[in-house]
file query-v9.csv (CSV, C-alpha atoms)
chain,number,residue,atom,x,y,z
I,1,MET,CA,21.6,-8.7,4.6
I,2,ILE,CA,24.3,-9.1,2.0
I,3,LYS,CA,25.4,-6.4,-0.3
I,4,LEU,CA,24.6,-7.0,-4.0
I,5,TYR,CA,27.7,-7.4,-6.0
I,6,LEU,CA,26.4,-7.2,-9.6
I,7,PRO,CA,28.5,-8.1,-12.6
I,8,ASP,CA,30.6,-5.2,-13.9
I,9,GLY,CA,28.6,-3.1,-16.4
I,10,PHE,CA,25.4,-5.0,-15.5
I,11,GLU,CA,23.2,-2.1,-16.5
I,12,ASN,CA,25.0,-1.7,-19.8
I,13,HIS,CA,24.5,-5.3,-20.9
I,14,GLU,CA,22.8,-5.5,-24.3
I,15,GLU,CA,19.8,-7.4,-23.0
I,16,ILE,CA,19.2,-4.9,-20.2
I,17,GLN,CA,19.6,-1.9,-22.6
I,18,ASN,CA,17.1,-3.4,-25.1
I,19,ILE,CA,14.6,-4.0,-22.3
I,20,TYR,CA,14.8,-0.4,-21.1
I,21,ASP,CA,14.8,1.0,-24.6
I,22,ARG,CA,11.4,-0.5,-25.1
I,23,LEU,CA,10.1,0.5,-21.7
I,24,ALA,CA,11.3,4.1,-22.1
I,25,LYS,CA,9.6,4.3,-25.5
I,26,LYS,CA,6.3,2.9,-24.2
I,27,ILE,CA,6.3,5.3,-21.2
I,28,TYR,CA,7.0,8.3,-23.4
I,29,GLU,CA,4.1,7.4,-25.7
I,30,GLN,CA,1.7,7.0,-22.8
I,31,GLN,CA,2.3,10.6,-21.6
I,32,GLY,CA,0.0,13.3,-22.6
I,33,PRO,CA,1.1,16.7,-24.0
I,34,ASP,CA,2.1,17.8,-20.4
I,35,LYS,CA,5.3,15.7,-19.7
I,36,ILE,CA,6.1,14.5,-16.2
I,37,THR,CA,8.4,16.9,-14.4
I,38,TYR,CA,11.0,15.9,-11.8
I,39,THR,CA,13.5,17.4,-9.4
I,40,TYR,CA,16.9,15.8,-9.3
I,41,GLN,CA,19.8,17.1,-7.1
I,42,GLY,CA,18.2,20.6,-6.9
I,43,GLU,CA,17.6,20.9,-10.7
I,44,GLN,CA,14.3,20.6,-12.4
I,45,GLY,CA,13.6,18.9,-15.7
I,46,SER,CA,11.0,16.8,-17.5
I,47,LEU,CA,10.8,13.3,-18.8
I,48,ASP,CA,10.2,14.6,-22.3
I,49,SER,CA,12.1,12.0,-24.4
I,50,PRO,CA,12.7,8.3,-24.3
I,51,ALA,CA,16.4,9.1,-23.5
I,52,SER,CA,15.5,11.1,-20.3
I,53,ILE,CA,13.0,8.4,-19.2
I,54,LYS,CA,15.6,5.6,-19.7
I,55,ARG,CA,18.2,7.7,-17.8
I,56,PHE,CA,15.8,7.9,-14.8
I,57,LEU,CA,14.9,4.2,-14.9
I,58,LEU,CA,18.6,3.1,-15.0
I,59,ALA,CA,19.9,5.6,-12.4
I,60,LYS,CA,21.6,4.0,-9.4
I,61,ASP,CA,20.4,7.0,-7.4
I,62,PHE,CA,16.8,6.8,-8.7
I,63,TYR,CA,15.6,7.6,-5.2
I,64,ASP,CA,16.9,11.2,-5.6
I,65,TYR,CA,14.4,11.8,-8.4
I,66,GLN,CA,11.3,13.6,-7.1
I,67,ILE,CA,8.8,12.9,-9.8
I,68,GLY,CA,6.0,15.4,-10.4
I,69,GLN,CA,5.8,18.9,-9.2
I,70,ASN,CA,5.0,18.0,-5.6
I,71,PHE,CA,4.3,14.3,-5.9
I,72,GLY,CA,7.2,13.0,-3.9
I,73,PHE,CA,6.7,15.4,-1.0
I,74,ILE,CA,2.9,14.8,-0.8
I,75,ARG,CA,3.2,11.1,-1.2
I,76,ASP,CA,5.7,10.7,1.6
I,77,LEU,CA,3.6,13.0,3.8
I,78,MET,CA,0.6,10.7,3.2
I,79,GLN,CA,2.6,7.7,4.5
I,80,LEU,CA,2.8,9.3,8.0
I,81,ARG,CA,0.2,8.5,10.6
I,82,GLY,CA,-3.2,10.0,10.0
I,83,ASN,CA,-3.5,11.5,13.5
I,84,VAL,CA,-0.3,13.6,13.2
I,85,LYS,CA,-1.1,17.3,13.1
I,86,LEU,CA,0.3,19.1,10.1
I,87,SER,CA,1.5,21.9,12.3
I,88,SER,CA,4.0,19.5,13.9
I,89,VAL,CA,5.3,18.7,10.4
I,90,ILE,CA,5.5,22.3,9.2
I,91,HIS,CA,7.4,23.4,12.3
I,92,ASN,CA,9.3,20.0,12.8
I,93,THR,CA,8.1,19.7,16.4
I,94,SER,CA,6.9,16.1,16.4
I,95,THR,CA,8.6,13.4,18.6
I,96,SER,CA,7.7,10.7,16.0
I,97,GLU,CA,10.8,9.1,14.4
I,98,LYS,CA,9.0,8.9,11.0
I,99,VAL,CA,8.0,12.6,11.1
I,100,ARG,CA,11.6,13.6,12.0
I,101,LEU,CA,12.9,11.5,9.1
I,102,PHE,CA,10.4,13.2,6.8
I,103,CYS,CA,11.5,16.7,7.9
I,104,LYS,CA,15.1,15.7,7.5
I,105,LYS,CA,14.5,14.4,3.9
I,106,TYR,CA,12.5,17.5,3.0
I,107,GLY,CA,14.4,20.4,4.4
I,108,ALA,CA,12.5,23.6,5.1
I,109,SER,CA,14.7,25.8,3.0
I,110,GLU,CA,14.8,23.6,-0.1
I,111,TYR,CA,11.1,22.6,0.1
I,112,GLN,CA,9.7,25.9,1.4
I,113,GLN,CA,7.2,26.2,-1.4
I,114,PHE,CA,5.7,22.8,-0.5
I,115,TYR,CA,5.5,23.6,3.2
I,116,ASN,CA,3.7,26.8,2.3
I,117,LEU,CA,1.1,24.7,0.6
I,118,LEU,CA,0.4,23.1,3.9
I,119,ARG,CA,-0.1,26.2,6.0
I,120,GLY,CA,-3.7,26.5,5.0
I,121,TYR,CA,-4.2,23.1,6.6
I,122,GLU,CA,-2.0,23.7,9.7
I,123,GLU,CA,-4.7,22.9,12.3
I,124,ARG,CA,-5.7,19.7,10.5
I,125,THR,CA,-4.4,16.2,10.8
I,126,ILE,CA,-2.7,14.3,7.9
I,127,GLY,CA,-5.7,12.0,7.8
I,128,GLU,CA,-8.0,15.0,7.2
I,129,PHE,CA,-5.7,16.5,4.6
I,130,ARG,CA,-5.4,13.1,2.9
I,131,GLN,CA,-9.2,13.0,2.3
I,132,GLU,CA,-9.1,16.4,0.5
I,133,LYS,CA,-5.9,16.2,-1.4
I,134,VAL,CA,-5.9,15.9,-5.2
I,135,SER,CA,-2.7,14.6,-6.8
I,136,ASP,CA,-1.4,13.0,-10.0
I,137,GLU,CA,-0.8,9.7,-8.2
I,138,GLU,CA,-3.1,7.6,-10.4
I,139,GLU,CA,-1.5,9.1,-13.5
I,140,ILE,CA,1.9,8.2,-12.2
I,141,ARG,CA,0.7,4.6,-11.4
I,142,ARG,CA,-0.6,4.2,-14.9
I,143,ILE,CA,2.5,5.5,-16.7
I,144,PHE,CA,5.0,3.5,-14.6
I,145,ASP,CA,2.9,0.4,-14.3
I,146,TYR,CA,5.1,-2.6,-13.4
I,147,LYS,CA,2.9,-4.9,-15.5
I,148,GLN,CA,4.6,-3.4,-18.5
I,149,LEU,CA,7.6,-5.5,-17.7
I,150,GLN,CA,7.0,-8.9,-19.3
I,151,ALA,CA,7.7,-12.2,-17.5
I,152,GLY,CA,10.5,-13.1,-19.8
I,153,GLN,CA,12.1,-9.6,-19.3
I,154,ARG,CA,11.9,-10.1,-15.5
I,155,HIS,CA,13.7,-13.4,-15.7
I,156,ALA,CA,16.3,-11.9,-18.0
I,157,ILE,CA,17.0,-9.1,-15.5
I,158,LEU,CA,17.3,-11.6,-12.6
I,159,ASN,CA,19.7,-13.8,-14.7
I,160,ARG,CA,21.9,-10.9,-15.7
I,161,MET,CA,22.1,-9.9,-12.0
I,162,ASP,CA,23.6,-13.3,-11.3
I,163,ILE,CA,22.8,-13.4,-7.6
I,164,PRO,CA,22.8,-17.1,-6.5
I,165,VAL,CA,21.6,-16.6,-2.9
I,166,CYS,CA,18.9,-14.3,-1.5
I,167,PRO,CA,20.7,-11.1,-0.1
I,168,TYR,CA,18.0,-10.5,2.5
I,169,CYS,CA,18.4,-13.8,4.4
I,170,ASN,CA,21.5,-15.4,2.9
I,171,MET,CA,19.7,-18.8,3.3
I,172,ASN,CA,17.8,-19.7,0.2
I,173,TYR,CA,19.3,-20.1,-3.3
I,174,THR,CA,18.0,-18.1,-6.2
I,175,THR,CA,19.1,-20.0,-9.3
I,176,SER,CA,18.4,-20.0,-13.0
I,177,PHE,CA,17.0,-22.9,-15.0
I,178,GLY,CA,15.7,-23.8,-18.4
I,179,ALA,CA,17.0,-23.5,-22.0
I,180,ASP,CA,18.8,-20.4,-23.2
I,181,ASP,CA,15.8,-19.0,-25.1
I,182,ARG,CA,13.5,-19.6,-22.1
I,183,GLU,CA,15.8,-19.2,-19.1
I,184,ARG,CA,14.0,-18.7,-15.9
I,185,ASN,CA,15.0,-17.8,-12.3
I,186,THR,CA,13.7,-19.0,-8.9
I,187,ALA,CA,14.0,-15.5,-7.4
I,188,ASP,CA,11.3,-12.9,-7.1
I,189,ILE,CA,11.9,-9.3,-8.0
I,190,ASP,CA,11.3,-7.4,-4.8
I,191,HIS,CA,10.8,-3.7,-5.0
I,192,PHE,CA,12.9,-2.3,-2.1
I,193,TYR,CA,10.8,0.9,-2.3
I,194,LEU,CA,7.3,-0.6,-2.5
I,195,LYS,CA,5.6,0.1,-5.8
I,196,SER,CA,2.3,0.6,-3.9
I,197,GLU,CA,3.9,3.6,-2.1
I,198,TYR,CA,6.4,4.7,-4.7
I,199,PRO,CA,4.7,3.9,-8.0
I,200,GLU,CA,7.2,6.2,-9.8
I,201,TYR,CA,10.0,3.7,-8.9
I,202,ALA,CA,8.1,0.6,-10.0
I,203,LEU,CA,10.3,0.1,-13.1
I,204,CYS,CA,13.6,1.5,-11.8
I,205,LEU,CA,16.3,-1.2,-12.3
I,206,PHE,CA,18.1,-0.5,-9.0
I,207,ASN,CA,14.9,-0.7,-7.0
I,208,PHE,CA,14.9,-4.4,-8.0
I,209,VAL,CA,16.3,-6.8,-5.4
I,210,PRO,CA,16.5,-10.5,-6.4
I,211,ALA,CA,14.9,-12.1,-3.3
I,212,CYS,CA,13.7,-15.6,-2.4
I,213,PRO,CA,9.9,-16.0,-2.3
I,214,VAL,CA,10.0,-16.5,1.5
I,215,CYS,CA,11.6,-13.0,2.1
I,216,ASN,CA,9.6,-11.2,-0.6
I,217,GLN,CA,6.1,-12.7,-0.2
I,218,LYS,CA,5.9,-14.2,3.3
I,219,ILE,CA,8.2,-12.0,5.3
I,220,LYS,CA,8.5,-8.5,3.8
I,221,GLY,CA,5.2,-8.4,2.1
I,222,THR,CA,3.9,-4.8,2.3
I,223,LYS,CA,6.4,-3.5,4.9
I,224,SER,CA,7.5,0.0,3.9
I,225,MET,CA,11.3,0.4,3.5
I,226,THR,CA,13.6,3.2,2.4
I,227,ARG,CA,17.3,3.8,2.6
I,228,GLU,CA,16.7,5.9,5.7
I,229,THR,CA,14.9,3.1,7.6
I,230,HIS,CA,16.6,-0.1,6.3
I,231,VAL,CA,19.8,-1.4,4.9
I,232,TYR,CA,19.6,-1.0,1.1
I,233,PRO,CA,21.5,-4.0,-0.4
I,234,HIS,CA,22.5,-2.3,-3.7
I,235,GLN,CA,24.7,0.0,-1.6
I,236,GLU,CA,25.6,-2.0,1.6
I,237,GLY,CA,25.2,-5.1,3.6
I,238,PHE,CA,25.6,-6.1,7.3
I,239,GLU,CA,29.4,-6.5,7.0
I,240,GLY,CA,31.0,-4.4,9.7
I,241,LYS,CA,27.6,-3.5,11.1
I,242,SER,CA,26.2,-6.8,12.4
I,243,HIS,CA,27.5,-10.2,13.1
I,244,PHE,CA,26.4,-13.7,14.2
I,245,GLN,CA,27.6,-15.0,17.5
I,246,VAL,CA,27.1,-18.0,19.8
I,247,ARG,CA,25.7,-16.4,23.0
I,248,ASN,CA,26.5,-19.4,25.2
I,249,LEU,CA,29.9,-20.3,23.6
I,250,LEU,CA,31.7,-20.5,27.0
I,251,ASP,CA,29.1,-22.8,28.4
I,252,ILE,CA,29.5,-25.2,25.4
I,253,LEU,CA,33.3,-25.1,25.7
I,254,LEU,CA,33.0,-26.0,29.4
I,255,GLY,CA,30.6,-28.8,28.7
I,256,ALA,CA,27.8,-27.1,30.6
I,257,CYS,CA,25.4,-27.3,27.6
I,258,GLU,CA,25.3,-28.9,24.1
I,259,HIS,CA,23.0,-26.7,22.1
I,260,ALA,CA,24.2,-23.4,20.6
I,261,GLU,CA,22.2,-20.2,21.0
I,262,ILE,CA,23.0,-18.0,17.9
I,263,GLU,CA,22.1,-14.4,17.6
I,264,LEU,CA,22.6,-11.8,14.9
I,265,LYS,CA,23.8,-8.8,16.8
I,266,SER,CA,24.2,-5.2,15.7
I,267,GLN,CA,27.7,-3.9,16.2
I,268,LYS,CA,26.7,-0.2,16.0
I,269,ASP,CA,23.7,1.8,17.1
I,270,ASP,CA,22.2,1.9,13.6
I,271,CYS,CA,18.4,1.8,13.4
I,272,ARG,CA,18.5,0.6,9.8
I,273,VAL,CA,20.4,-2.5,10.8
I,274,LYS,CA,18.0,-3.1,13.7
I,275,HIS,CA,14.9,-2.7,11.5
I,276,SER,CA,16.3,-5.0,8.8
I,277,ILE,CA,17.0,-7.7,11.4
I,278,GLU,CA,13.6,-7.4,13.0
I,279,ASP,CA,11.5,-7.0,9.8
I,280,PHE,CA,13.1,-10.0,8.0
I,281,LYS,CA,12.8,-12.0,11.3
I,282,LEU,CA,16.4,-13.1,10.9
I,283,ASN,CA,17.0,-14.1,14.5
I,284,GLU,CA,13.9,-16.2,14.6
I,285,ARG,CA,14.6,-17.9,11.3
I,286,TYR,CA,18.2,-18.7,12.1
I,287,LYS,CA,17.4,-20.6,15.2
I,288,VAL,CA,17.0,-23.8,13.1
I,289,PHE,CA,20.7,-23.4,12.0
I,290,ALA,CA,22.1,-23.7,15.5
I,291,TYR,CA,23.5,-27.1,14.4
I,292,VAL,CA,25.8,-25.4,11.9
I,293,ALA,CA,27.4,-23.4,14.8
I,294,GLU,CA,27.6,-26.6,16.9
I,295,GLU,CA,29.5,-28.5,14.1
I,296,LEU,CA,32.0,-25.6,13.7
I,297,ILE,CA,32.6,-25.5,17.5
I,298,GLU,CA,33.2,-29.3,17.5
I,299,LYS,CA,35.6,-29.1,14.6
I,300,ALA,CA,37.4,-26.2,16.2
I,301,GLN,CA,37.9,-28.2,19.4
I,302,ILE,CA,39.3,-31.2,17.4
I,303,TYR,CA,41.4,-29.3,15.0
I,304,ASN,CA,43.0,-27.0,17.5
I,305,ASP,CA,46.5,-25.5,16.9
I,306,ALA,CA,48.3,-28.4,18.5
I,307,TYR,CA,46.5,-31.1,16.6
I,308,ALA,CA,46.6,-29.1,13.3
I,309,GLU,CA,50.4,-28.7,13.7
I,310,SER,CA,50.9,-32.3,14.6
I,311,LEU,CA,48.8,-33.4,11.6
I,312,SER,CA,50.8,-31.2,9.2
I,313,GLN,CA,54.1,-32.7,10.5
I,314,THR,CA,52.7,-36.2,9.9
I,315,ILE,CA,51.7,-35.2,6.4
I,316,ARG,CA,55.1,-33.7,5.7
I,317,GLY,CA,56.7,-37.0,6.8
I,318,SER,CA,54.5,-39.2,4.6
I,319,THR,CA,54.4,-37.4,1.3
I,320,ASP,CA,57.5,-39.2,0.0
I,321,LYS,CA,55.8,-42.5,0.6
I,322,THR,CA,52.5,-41.8,-1.3
I,323,GLU,CA,51.6,-42.0,-4.9
I,324,GLU,CA,52.7,-39.0,-6.9
I,325,SER,CA,49.2,-37.6,-7.6
I,326,LEU,CA,48.2,-38.0,-3.9
I,327,SER,CA,51.5,-36.5,-2.8
I,328,GLN,CA,50.9,-33.4,-4.8
I,329,THR,CA,47.5,-32.9,-3.1
I,330,ILE,CA,48.3,-33.5,0.5
I,331,GLY,CA,51.8,-32.1,0.1
I,332,ARG,CA,50.3,-28.7,0.3
I,333,LEU,CA,49.1,-29.3,3.9
I,334,THR,CA,52.5,-28.2,5.2
I,335,ASP,CA,51.5,-26.2,8.3
I,336,LYS,CA,48.6,-25.8,10.7
I,337,THR,CA,47.0,-23.0,8.7
I,338,SER,CA,46.8,-25.0,5.5
I,339,VAL,CA,45.3,-27.9,7.5
I,340,LYS,CA,42.6,-25.6,8.9
I,341,TYR,CA,41.9,-24.3,5.4
I,342,ALA,CA,41.3,-27.9,4.3
I,343,VAL,CA,38.9,-28.5,7.2
I,344,PHE,CA,37.0,-25.2,7.5
I,345,GLY,CA,37.6,-23.5,4.1
I,346,ALA,CA,39.2,-20.1,3.7
I,347,MET,CA,38.0,-16.9,5.2
I,348,LEU,CA,36.0,-15.1,2.6
I,349,SER,CA,35.0,-11.6,1.7
I,350,GLU,CA,31.3,-10.5,1.8
I,351,GLU,CA,31.2,-10.7,-2.0
I,352,GLU,CA,32.4,-14.3,-1.8
I,353,TYR,CA,30.4,-15.6,1.2
I,354,GLY,CA,27.3,-13.9,-0.1
I,355,LYS,CA,27.2,-16.5,-2.9
I,356,LEU,CA,27.0,-19.3,-0.4
I,357,SER,CA,23.9,-20.3,1.6
I,358,LEU,CA,24.6,-19.5,5.3
I,359,GLY,CA,27.9,-18.0,4.3
I,360,LYS,CA,27.8,-15.1,6.7
I,361,LEU,CA,26.8,-17.3,9.6
I,362,LYS,CA,29.7,-19.6,9.1
I,363,GLN,CA,32.3,-16.8,8.6
I,364,ASP,CA,31.1,-14.9,11.7
I,365,ILE,CA,31.2,-18.1,13.9
I,366,LEU,CA,34.7,-18.9,12.6
I,367,ARG,CA,35.8,-15.4,13.6
I,368,GLN,CA,34.3,-15.8,17.0
I,369,LEU,CA,36.1,-19.1,17.5
I,370,ARG,CA,39.3,-17.4,16.3
I,371,VAL,CA,40.1,-20.4,14.2
I,372,PHE,CA,42.7,-18.7,12.1
I,373,ASP,CA,44.2,-16.4,14.7

call {"tool": "encode", "arguments": {"input": "query-v9.csv", "output": "C-alpha cells"}}
result
Amino acid sequence: MIKLYLPDGFENHEEIQNIYDRLAKKIYEQQGPDKITYTYQGEQGSLDSPASIKRFLLAKDFYDYQIGQNFGFIRDLMQLRGNVKLSSVIHNTSTSEKVRLFCKKYGASEYQQFYNLLRGYEERTIGEFRQEKVSDEEEIRRIFDYKQLQAGQRHAILNRMDIPVCPYCNMNYTTSFGADDRERNTADIDHFYLKSEYPEYALCLFNFVPACPVCNQKIKGTKSMTRETHVYPHQEGFEGKSHFQVRNLLDILLGACEHAEIELKSQKDDCRVKHSIEDFKLNERYKVFAYVAEELIEKAQIYNDAYAESLSQTIRGSTDKTEESLSQTIGRLTDKTSVKYAVFGAMLSEEEYGKLSLGKLKQDILRQLRVFD
C-alpha cells in the first residue's frame, strides 16, 4: 500500500471544479423540499445549496460527515452480524472486534439519542431489527448515484490525480492514453468506502482511489473497508509500518539455497496493516517476484564495498584517457557510493518509489542488504 501523493491543489484544478459544480447542482435539484441533513464535527447542518453539497463532496475528511438524521449510525449498525444482540451494542459488552469498533466510533455520550432509539429492541438481534427498520437509504442512493459521474469525467479525475502505479499493490501501471480531448486512463476508480454500503460517499472525491482492475475488481471486490479497519491511501501507506524482506537471506548468502522467499511483514501490531496485506493478498501475489530479490542479492554480492571502491579507483585513473563526453559521464563515479548508485539506483522516498512498479519491494530489499550502509 503506497500513500497517494496527488498534485498540489489537485481538488482546485479547473477541470475538477467544473465537474463538481455540475454534480452539486444536479444533486441539489434532485432533493425534495426537505433537504438532506448532516452532522459534521459535532455540528448539524443541511445540504441546502449547491455550495454546501460541493463542500461535502470535495472534503478530504468526507468520512466525518454523518448524512441524514440517523442514517450513518443505523447504516453502520446494519453492517454488523445479524445474530448480534442489540443489548451488547447498547451496553458495549460484545467481544466482537467489529462491534467494539462501532461503539468506539459512535460514543454513547455523543450518540445517546440514537442508542435510546434501540432500547425498545434491546432483546432482539440486529438481523431482526434490520427486517423492521425504515430508513432513507434508498433516497440517499438515488441522490448520490455514482452513475451521475460520466465516463469522460471519471477519466478526467484519474488523469488529474496523475498516479502512474496502483497504490494498493505497487505492481500494475495505471497510465493515461488517447488524444487530449478524449484522454483515457487504464485505472479503475475504486471506492475505498464501498458505495453499496456507504451510498452517501459514492461521489466524494477523496473516496476515489485510482486502482488497477486486478486490485479493484478481482481482489477487493465487495470487501468492506474503512479507515478503522484498513490503511487508507489518501492519508498513509505502508512506509514505516510494513516492509518486504527475504526470509531466507542467510541461507542464500551461504549458498544453502538459490531461491528467495519474500514476505511483506508488518513492523507494528497494527490490524489495519494486517488486514490490508491479507485482503489484497499481497504476500501471495508477490511470490512471483522472488527473482527481483534474487537479482538484487546477486548484484550486492558482486558490487560489494571492496569491488565498488576498486572500480571507482580504476575509473578515476582512466578518465583522462577517454573521450571528453564519456569522461564527463564516468568521471562522476569517483567513490564506491556513486558506483553503487549507478548499479542499484538511488534510495528513494515513498513518493518517489510509489511511481515505480515494484518500487517498495526493491527499496526494502536494498535496505535489508544494507547496500548503502

call {"tool": "residues_around", "arguments": {"input": "query-v9.csv", "residues": "I:Met347", "least_positions_apart": "6", "cutoff": "9 Å", "atoms": "all atoms listed in the file", "output": "PyMOL selection string"}}
result
chain I and resi 341+353+363+366-367+372

call {"tool": "write_last_selection", "arguments": {"input": "query-v9.csv", "atoms": "C-alpha atoms", "output": "PDB file, keeping the file's coordinate frame"}}
result
ATOM      1  CA  TYR I 341      41.900 -24.300   5.400  1.00  0.00           C
ATOM      2  CA  TYR I 353      30.400 -15.600   1.200  1.00  0.00           C
ATOM      3  CA  GLN I 363      32.300 -16.800   8.600  1.00  0.00           C
ATOM      4  CA  LEU I 366      34.700 -18.900  12.600  1.00  0.00           C
ATOM      5  CA  ARG I 367      35.800 -15.400  13.600  1.00  0.00           C
ATOM      6  CA  PHE I 372      42.700 -18.700  12.100  1.00  0.00           C
TER       7      PHE I 372
END

call {"tool": "closest_residue", "arguments": {"input": "query-v9.csv", "among": "I:Glu128, I:Glu228, I:Lys223, I:Gln267", "to": "I:Lys105", "atoms": "all atoms listed in the file"}}
result
I:Glu228

call {"tool": "closest_residue", "arguments": {"input": "query-v9.csv", "among": "I:Gln150, I:Ser87, I:Gln66, I:Asn216", "to": "I:Phe129", "atoms": "all atoms listed in the file"}}
result
I:Ser87

call {"tool": "atom_distance", "arguments": {"input": "query-v9.csv", "atom1": "atom CA of I:Asp364", "atom2": "atom CA of I:Cys215"}}
result
21.8 Å

call {"tool": "residues_around", "arguments": {"input": "query-v9.csv", "residues": "I:Tyr146", "least_positions_apart": "5", "cutoff": "12 Å", "atoms": "only C-alpha atoms", "output": "PDB file with C-alpha atoms, in the frame of the given file"}}
result
ATOM      1  CA  LEU I  23      10.100   0.500 -21.700  1.00  0.00           C
ATOM      2  CA  ILE I  27       6.300   5.300 -21.200  1.00  0.00           C
ATOM      3  CA  ILE I 140       1.900   8.200 -12.200  1.00  0.00           C
ATOM      4  CA  ARG I 141       0.700   4.600 -11.400  1.00  0.00           C
ATOM      5  CA  ALA I 151       7.700 -12.200 -17.500  1.00  0.00           C
ATOM      6  CA  GLN I 153      12.100  -9.600 -19.300  1.00  0.00           C
ATOM      7  CA  ARG I 154      11.900 -10.100 -15.500  1.00  0.00           C
ATOM      8  CA  ILE I 189      11.900  -9.300  -8.000  1.00  0.00           C
ATOM      9  CA  ASP I 190      11.300  -7.400  -4.800  1.00  0.00           C
ATOM     10  CA  HIS I 191      10.800  -3.700  -5.000  1.00  0.00           C
ATOM     11  CA  LEU I 194       7.300  -0.600  -2.500  1.00  0.00           C
ATOM     12  CA  LYS I 195       5.600   0.100  -5.800  1.00  0.00           C
ATOM     13  CA  SER I 196       2.300   0.600  -3.900  1.00  0.00           C
ATOM     14  CA  TYR I 198       6.400   4.700  -4.700  1.00  0.00           C
ATOM     15  CA  PRO I 199       4.700   3.900  -8.000  1.00  0.00           C
ATOM     16  CA  GLU I 200       7.200   6.200  -9.800  1.00  0.00           C
ATOM     17  CA  TYR I 201      10.000   3.700  -8.900  1.00  0.00           C
ATOM     18  CA  ALA I 202       8.100   0.600 -10.000  1.00  0.00           C
ATOM     19  CA  LEU I 203      10.300   0.100 -13.100  1.00  0.00           C
ATOM     20  CA  CYS I 204      13.600   1.500 -11.800  1.00  0.00           C
ATOM     21  CA  LEU I 205      16.300  -1.200 -12.300  1.00  0.00           C
ATOM     22  CA  ASN I 207      14.900  -0.700  -7.000  1.00  0.00           C
ATOM     23  CA  PHE I 208      14.900  -4.400  -8.000  1.00  0.00           C
TER      24      PHE I 208
END

call {"tool": "residues_around", "arguments": {"input": "query-v9.csv", "residues": "stretch 88-101 of chain I", "least_positions_apart": "2", "cutoff": "9 Å", "atoms": "all atoms listed in the file", "output": "PyMOL selection string"}}
result
chain I and resi 77+80-81+84-86+103-106+108+115-116+118-119+122+228-229

call {"tool": "closest_residue", "arguments": {"input": "query-v9.csv", "among": "I:Ala260, I:Ile19, I:Val214, I:Val231", "to": "I:His155", "atoms": "all atoms listed in the file"}}
result
I:Ile19

call {"tool": "atom_distance", "arguments": {"input": "query-v9.csv", "atom1": "atom CA of I:Pro213", "atom2": "atom CA of I:Gln79"}}
result
25.7 Å

call {"tool": "atom_distance", "arguments": {"input": "query-v9.csv", "atom1": "atom CA of I:Met78", "atom2": "atom CA of I:Ile126"}}
result
6.8 Å

call {"tool": "closest_residue", "arguments": {"input": "query-v9.csv", "among": "I:His259, I:Lys274, I:His230, I:Lys355", "to": "I:Ser242", "atoms": "all atoms listed in the file"}}
result
I:Lys274

call {"tool": "closest_residue", "arguments": {"input": "query-v9.csv", "among": "I:Gln301, I:Ser46, I:Thr175, I:Thr125", "to": "I:Gly255", "atoms": "all atoms listed in the file"}}
result
I:Gln301

call {"tool": "closest_residue", "arguments": {"input": "query-v9.csv", "among": "I:Ala51, I:Met171, I:Val209, I:Leu149", "to": "I:Leu4", "atoms": "only C-alpha atoms"}}
result
I:Val209

call {"tool": "residues_around", "arguments": {"input": "query-v9.csv", "residues": "I:Tyr38", "least_positions_apart": "4", "cutoff": "9 Å", "atoms": "only C-alpha atoms", "output": "PyMOL selection string"}}
result
chain I and resi 43-47+65-70

call {"tool": "residues_near_point", "arguments": {"input": "query-v9.csv", "point": "(38.6, -26.2, 9.1)", "cutoff": "12 Å", "atoms": "only C-alpha atoms", "output": "PyMOL selection string"}}
result
chain I and resi 295-305+307-308+336-347+362-363+365-366+369-372
